[in-house]
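Data from final.cif: mmCIF, C-alpha atoms, pLDDT in the B column; chains and numbers go by the auth columns
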data_upload
#
loop_
_atom_site.group_PDB
_atom_site.id
_atom_site.type_symbol
_atom_site.label_atom_id
_atom_site.label_comp_id
_atom_site.label_asym_id
_atom_site.label_seq_id
_atom_site.Cartn_x
_atom_site.Cartn_y
_atom_site.Cartn_z
_atom_site.B_iso_or_equiv
_atom_site.auth_seq_id
_atom_site.auth_asym_id
ATOM 1 C CA MET A 1 81.696 112.869 107.304 85.00 1 A
ATOM 2 C CA THR A 2 80.058 113.519 103.966 87.00 2 A
ATOM 3 C CA PRO A 3 81.175 115.245 100.757 87.00 3 A
ATOM 4 C CA ALA A 4 79.361 118.352 102.059 91.00 4 A
ATOM 5 C CA ASP A 5 82.070 118.544 104.756 93.00 5 A
ATOM 6 C CA VAL A 6 84.839 119.085 102.201 94.00 6 A
ATOM 7 C CA PRO A 7 84.916 122.908 102.628 95.00 7 A
ATOM 8 C CA ALA A 8 85.230 122.565 106.404 96.00 8 A
ATOM 9 C CA ILE A 9 87.983 119.950 106.267 96.00 9 A
ATOM 10 C CA ALA A 10 89.794 122.004 103.618 97.00 10 A
ATOM 11 C CA ARG A 11 89.754 124.967 106.017 97.00 11 A
ATOM 12 C CA VAL A 12 91.172 122.824 108.831 98.00 12 A
ATOM 13 C CA HIS A 13 93.754 121.324 106.478 97.00 13 A
ATOM 14 C CA ARG A 14 94.955 124.747 105.344 97.00 14 A
ATOM 15 C CA ALA A 15 95.145 126.181 108.879 97.00 15 A
ATOM 16 C CA ALA A 16 97.042 123.154 110.179 96.00 16 A
ATOM 17 C CA CYS A 17 99.458 122.951 107.264 95.00 17 A
ATOM 18 C CA LEU A 18 100.350 126.638 107.418 94.00 18 A
ATOM 19 C CA VAL A 19 101.646 125.957 110.931 93.00 19 A
ATOM 20 C CA ALA A 20 102.936 122.372 110.734 92.00 20 A
ATOM 21 C CA TYR A 21 104.596 122.656 107.335 94.00 21 A
ATOM 22 C CA ARG A 22 106.420 125.975 107.730 90.00 22 A
ATOM 23 C CA PHE A 23 109.677 124.138 107.129 90.00 23 A
ATOM 24 C CA MET A 24 108.715 123.684 103.484 90.00 24 A
ATOM 25 C CA ALA A 25 106.909 126.985 102.839 82.00 25 A
ATOM 26 C CA TRP A 26 103.596 125.189 102.299 87.00 26 A
ATOM 27 C CA ASP A 27 100.900 127.460 100.886 86.00 27 A
ATOM 28 C CA HIS A 28 97.854 126.281 98.949 93.00 28 A
ATOM 29 C CA ASP A 29 94.572 128.170 98.683 95.00 29 A
ATOM 30 C CA LEU A 30 91.183 126.852 99.768 96.00 30 A
ATOM 31 C CA PRO A 31 89.751 126.202 96.276 96.00 31 A
ATOM 32 C CA GLU A 32 92.819 124.094 95.429 96.00 32 A
ATOM 33 C CA ILE A 33 92.535 122.117 98.672 96.00 33 A
ATOM 34 C CA GLU A 34 88.780 121.606 98.244 96.00 34 A
ATOM 35 C CA ALA A 35 89.303 120.247 94.728 95.00 35 A
ATOM 36 C CA TRP A 36 92.018 117.915 96.011 93.00 36 A
ATOM 37 C CA TYR A 37 89.746 116.581 98.780 92.00 37 A
ATOM 38 C CA ALA A 38 86.783 116.205 96.437 89.00 38 A
ATOM 39 C CA GLY A 39 88.876 113.670 94.536 89.00 39 A
ATOM 40 C CA LYS A 40 90.404 112.061 97.616 90.00 40 A
ATOM 41 C CA PHE A 41 87.299 111.731 99.793 85.00 41 A
ATOM 42 C CA PRO A 42 85.644 108.905 97.789 88.00 42 A
ATOM 43 C CA GLY A 43 88.649 106.637 98.436 93.00 43 A
ATOM 44 C CA TRP A 44 88.189 106.684 102.215 95.00 44 A
ATOM 45 C CA ASP A 45 86.177 103.919 103.851 96.00 45 A
ATOM 46 C CA PHE A 46 86.425 105.541 107.282 97.00 46 A
ATOM 47 C CA ALA A 47 86.266 109.244 108.062 96.00 47 A
ATOM 48 C CA ARG A 48 85.547 111.131 111.248 97.00 48 A
ATOM 49 C CA ILE A 49 85.128 114.797 112.080 97.00 49 A
ATOM 50 C CA ALA A 50 85.769 116.230 115.527 97.00 50 A
ATOM 51 C CA GLU A 51 83.794 119.313 116.519 96.00 51 A
ATOM 52 C CA CYS A 52 84.462 121.847 119.248 94.00 52 A
ATOM 53 C CA ASP A 53 82.352 124.908 119.938 89.00 53 A
ATOM 54 C CA SER A 54 80.135 123.987 116.941 92.00 54 A
ATOM 55 C CA GLN A 55 83.126 124.151 114.583 94.00 55 A
ATOM 56 C CA VAL A 56 85.031 121.451 112.739 97.00 56 A
ATOM 57 C CA ALA A 57 88.173 121.196 114.844 98.00 57 A
ATOM 58 C CA GLY A 58 89.806 118.224 113.142 98.00 58 A
ATOM 59 C CA TYR A 59 89.276 115.165 111.018 98.00 59 A
ATOM 60 C CA LEU A 60 90.660 111.795 110.070 98.00 60 A
ATOM 61 C CA GLY A 61 90.338 109.988 106.762 97.00 61 A
ATOM 62 C CA ALA A 62 91.404 106.381 106.270 98.00 62 A
ATOM 63 C CA ALA A 63 91.289 103.676 103.640 97.00 63 A
ATOM 64 C CA GLY A 64 91.492 100.264 105.269 97.00 64 A
ATOM 65 C CA GLY A 65 94.674 100.237 107.312 97.00 65 A
ATOM 66 C CA LEU A 66 96.012 103.437 105.771 98.00 66 A
ATOM 67 C CA LEU A 67 95.581 106.418 108.055 98.00 67 A
ATOM 68 C CA ASP A 68 95.573 108.806 105.125 97.00 68 A
ATOM 69 C CA ASP A 69 94.853 112.197 106.689 96.00 69 A
ATOM 70 C CA LEU A 70 94.744 113.563 110.215 98.00 70 A
ATOM 71 C CA PHE A 71 94.653 117.296 110.748 98.00 71 A
ATOM 72 C CA ILE A 72 93.636 119.393 113.747 98.00 72 A
ATOM 73 C CA ASP A 73 92.946 123.122 113.508 98.00 73 A
ATOM 74 C CA PRO A 74 95.743 124.880 115.440 97.00 74 A
ATOM 75 C CA ALA A 75 93.108 126.736 117.494 96.00 75 A
ATOM 76 C CA PHE A 76 91.983 123.367 118.890 97.00 76 A
ATOM 77 C CA GLN A 77 95.264 121.479 119.238 95.00 77 A
ATOM 78 C CA ARG A 78 96.495 119.999 122.515 93.00 78 A
ATOM 79 C CA ARG A 79 92.961 119.036 123.593 95.00 79 A
ATOM 80 C CA GLY A 80 93.147 115.297 122.840 97.00 80 A
ATOM 81 C CA ILE A 81 91.331 115.525 119.508 97.00 81 A
ATOM 82 C CA GLY A 82 94.118 113.844 117.542 97.00 82 A
ATOM 83 C CA ARG A 83 94.356 111.086 120.133 98.00 83 A
ATOM 84 C CA THR A 84 90.591 110.510 119.961 98.00 84 A
ATOM 85 C CA LEU A 85 90.585 110.321 116.164 98.00 85 A
ATOM 86 C CA VAL A 86 93.564 107.938 115.998 98.00 86 A
ATOM 87 C CA SER A 87 91.918 105.791 118.679 98.00 87 A
ATOM 88 C CA ALA A 88 88.783 105.576 116.521 98.00 88 A
ATOM 89 C CA GLN A 89 90.849 104.294 113.588 98.00 89 A
ATOM 90 C CA LEU A 90 92.647 101.765 115.770 98.00 90 A
ATOM 91 C CA ALA A 91 89.355 100.570 117.277 98.00 91 A
ATOM 92 C CA ARG A 92 88.387 99.295 113.831 97.00 92 A
ATOM 93 C CA GLY A 93 90.793 96.424 114.482 97.00 93 A
ATOM 94 C CA ILE A 94 92.488 96.611 111.090 97.00 94 A
ATOM 95 C CA ARG A 95 96.185 95.790 111.257 98.00 95 A
ATOM 96 C CA PRO A 96 98.669 96.824 110.271 98.00 96 A
ATOM 97 C CA VAL A 97 97.874 100.527 110.329 98.00 97 A
ATOM 98 C CA ARG A 98 100.185 102.583 108.146 98.00 98 A
ATOM 99 C CA LEU A 99 100.756 106.302 107.760 98.00 99 A
ATOM 100 C CA GLU A 100 103.219 108.827 106.406 98.00 100 A
ATOM 101 C CA VAL A 101 104.389 111.874 108.317 98.00 101 A
ATOM 102 C CA PHE A 102 106.934 114.553 107.529 97.00 102 A
ATOM 103 C CA GLU A 103 110.065 114.031 109.577 97.00 103 A
ATOM 104 C CA GLU A 104 110.056 117.657 110.756 96.00 104 A
ATOM 105 C CA ASN A 105 106.469 117.453 112.018 96.00 105 A
ATOM 106 C CA ALA A 106 107.511 116.663 115.591 95.00 106 A
ATOM 107 C CA PRO A 107 104.066 117.076 117.233 94.00 107 A
ATOM 108 C CA ALA A 108 102.439 114.590 114.844 96.00 108 A
ATOM 109 C CA ARG A 109 105.323 112.154 115.223 97.00 109 A
ATOM 110 C CA ALA A 110 105.039 112.365 119.009 97.00 110 A
ATOM 111 C CA LEU A 111 101.321 111.565 118.827 97.00 111 A
ATOM 112 C CA TYR A 112 101.891 108.518 116.638 98.00 112 A
ATOM 113 C CA GLU A 113 104.745 107.295 118.844 98.00 113 A
ATOM 114 C CA THR A 114 102.432 107.286 121.894 98.00 114 A
ATOM 115 C CA PHE A 115 100.330 104.669 120.079 98.00 115 A
ATOM 116 C CA GLY A 116 103.404 102.571 119.248 98.00 116 A
ATOM 117 C CA PHE A 117 103.856 103.424 115.574 98.00 117 A
ATOM 118 C CA ILE A 118 107.378 102.674 114.383 98.00 118 A
ATOM 119 C CA VAL A 119 109.262 104.105 111.435 98.00 119 A
ATOM 120 C CA THR A 120 109.638 101.524 108.680 98.00 120 A
ATOM 121 C CA GLU A 121 111.081 103.748 105.964 98.00 121 A
ATOM 122 C CA ARG A 122 112.542 107.225 105.491 98.00 122 A
ATOM 123 C CA PHE A 123 112.336 108.796 102.040 98.00 123 A
ATOM 124 C CA PHE A 124 112.704 112.151 100.366 98.00 124 A
ATOM 125 C CA ASN A 125 109.441 113.557 99.034 95.00 125 A
ATOM 126 C CA ALA A 126 110.750 115.459 96.009 94.00 126 A
ATOM 127 C CA ALA A 127 107.393 117.119 95.278 90.00 127 A
ATOM 128 C CA ASP A 128 107.346 118.755 98.721 91.00 128 A
ATOM 129 C CA GLY A 129 111.116 118.987 99.155 92.00 129 A
ATOM 130 C CA ALA A 130 111.083 117.333 102.582 95.00 130 A
ATOM 131 C CA TRP A 131 111.923 114.046 104.280 97.00 131 A
ATOM 132 C CA GLU A 132 109.005 111.813 105.071 98.00 132 A
ATOM 133 C CA LEU A 133 108.614 108.763 107.274 98.00 133 A
ATOM 134 C CA ARG A 134 106.479 105.707 106.635 98.00 134 A
ATOM 135 C CA CYS A 135 105.247 104.315 109.922 98.00 135 A
ATOM 136 C CA SER A 136 103.381 101.187 110.899 98.00 136 A
ATOM 137 C CA LEU A 137 101.577 99.708 113.891 98.00 137 A
ATOM 138 C CA GLY A 138 100.974 96.019 114.445 94.00 138 A
#
Structure translated into structure tokens:
Amino acid sequence: MTPADVPAIARVHRAACLVAYRFMAWDHDLPEIEAWYAGKFPGWDFARIAECDSQVAGYLGAAGGLLDDLFIDPAFQRRGIGRTLVSAQLARGIRPVRLEVFEENAPARALYETFGFIVTERFFNAADGAWELRCSLG
């Protein structure tokens, strides 16, 4: 993944969040998301894009043991893309691996649980108005 991929990952991010974050009426436009990722991207030391049918279908961004972002375009979900991307992060051998996930995002939580992530903390994210979980593996 390179900075030139920011528009594509912003598109995936927006599509995924509009579905996964309905419980909090999430709605940000593409220019806002692209600007956010332009600032976030340099902090990742590991990033992978998954492509399907010559399109960016999903991506993962991590900083050390922090799995910072994992989003799959809803049109490509349930094909093992998330599992493949998480496996790539885990294959780096960095432990512990940490992540945060919204409590109401049941599909993401189920994916992380299959890898053995456990909830270490539950907190209210006031900015988003939703409960979030901090999770850790090994």
- Message: Nearest residue to Ala88 of chain A out of A:Ala127, A:Ala106, A:Leu60, A:Leu66, using all atoms listed in the file?
- Response: A:Leu60
- Query: If the PyMOL selection byres ((chain A and resi 110-123) around 7) is run on the structure shown, which residues does it catch, given as a list in words?
  - Reply: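 This file gives the following for the PyMOL selection byres ((chain A and resi 110-123) around 7): Ala106, Pro107, Ala108, Arg109, Phe124, Asn125, Trp131, Glu132, Leu133, Arg134, Cys135, Ser136 and Leu137 of chain A.
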Where is the centre and how long are the edges: axis-aligned box on segment 62-74 of chain A, 4 Å on each side, Å to one decimal, as AutoDock Vina command-line options:
--center_x 93.7 --center_y 112.6 --center_z 109.5 --size_x 12.7 --size_y 32.6 --size_z 19.8
- Atomic distance atom CA of Pro3 of chain A - atom CA of Ala38 of chain A, expressed in Å with one decimal: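 Calculated distance between atom CA of Pro3 of chain A and atom CA of Ala38 of chain A is 7.1 Å.
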- Near-Ala8 of chain A list (10 Å; all atoms listed in the file; drop same-chain fewer than 6 positions) as a list of chain:residue names: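 Result of the neighbour search: A:Leu30, A:Glu34, A:Ile49, A:Gln55, A:Val56, A:Ala57, A:Gly58, A:Tyr59.
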- Message: Every residue with an atom at most 12 Å from (108.6, 125.7, 104.2) (file coordinates; all atoms listed in the file) is what I'm after, so could you write them as a PyMOL selection string?
- Response: chain A and resi 17-28+102+104-105+128-130
Please produce an output containing C-alpha atoms for each residue in the selection, written as a compact mmCIF listing (two decimals), keeping the file's coordinate frame.
# COMPACT_ATOMS: atom_id res chain seq x y z
CA CYS A 17 99.46 122.95 107.26
CA LEU A 18 100.35 126.64 107.42
CA VAL A 19 101.65 125.96 110.93
CA ALA A 20 102.94 122.37 110.73
CA TYR A 21 104.60 122.66 107.34
CA ARG A 22 106.42 125.98 107.73
CA PHE A 23 109.68 124.14 107.13
CA MET A 24 108.72 123.68 103.48
CA ALA A 25 106.91 126.98 102.84
CA TRP A 26 103.60 125.19 102.30
CA ASP A 27 100.90 127.46 100.89
CA HIS A 28 97.85 126.28 98.95
CA PHE A 102 106.93 114.55 107.53
CA GLU A 104 110.06 117.66 110.76
CA ASN A 105 106.47 117.45 112.02
CA ASP A 128 107.35 118.76 98.72
CA GLY A 129 111.12 118.99 99.16
CA ALA A 130 111.08 117.33 102.58
- Message: If the PyMOL selection byres ((chain A and resi 67-69) around 8) were run on this exact file, what residues would it hold? Put them as a list in words.
- Response: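 Answer for the PyMOL selection byres ((chain A and resi 67-69) around 8): Tyr59, Leu60, Gly61, Ala62, Ala63, Gly64, Gly65, Leu66, Leu70, Phe71, Gln89, Val97, Arg98, Leu99 and Glu100 of chain A.
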Take the residues just selected and output them with C-alpha atoms as a CSV table (one decimal), keeping the file's coordinate frame.
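Saved file out09.csv follows:
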chain,number,residue,atom,x,y,z
A,59,TYR,CA,89.3,115.2,111.0
A,60,LEU,CA,90.7,111.8,110.1
A,61,GLY,CA,90.3,110.0,106.8
A,62,ALA,CA,91.4,106.4,106.3
A,63,ALA,CA,91.3,103.7,103.6
A,64,GLY,CA,91.5,100.3,105.3
A,65,GLY,CA,94.7,100.2,107.3
A,66,LEU,CA,96.0,103.4,105.8
A,70,LEU,CA,94.7,113.6,110.2
A,71,PHE,CA,94.7,117.3,110.7
A,89,GLN,CA,90.8,104.3,113.6
A,97,VAL,CA,97.9,100.5,110.3
A,98,ARG,CA,100.2,102.6,108.1
A,99,LEU,CA,100.8,106.3,107.8
A,100,GLU,CA,103.2,108.8,106.4
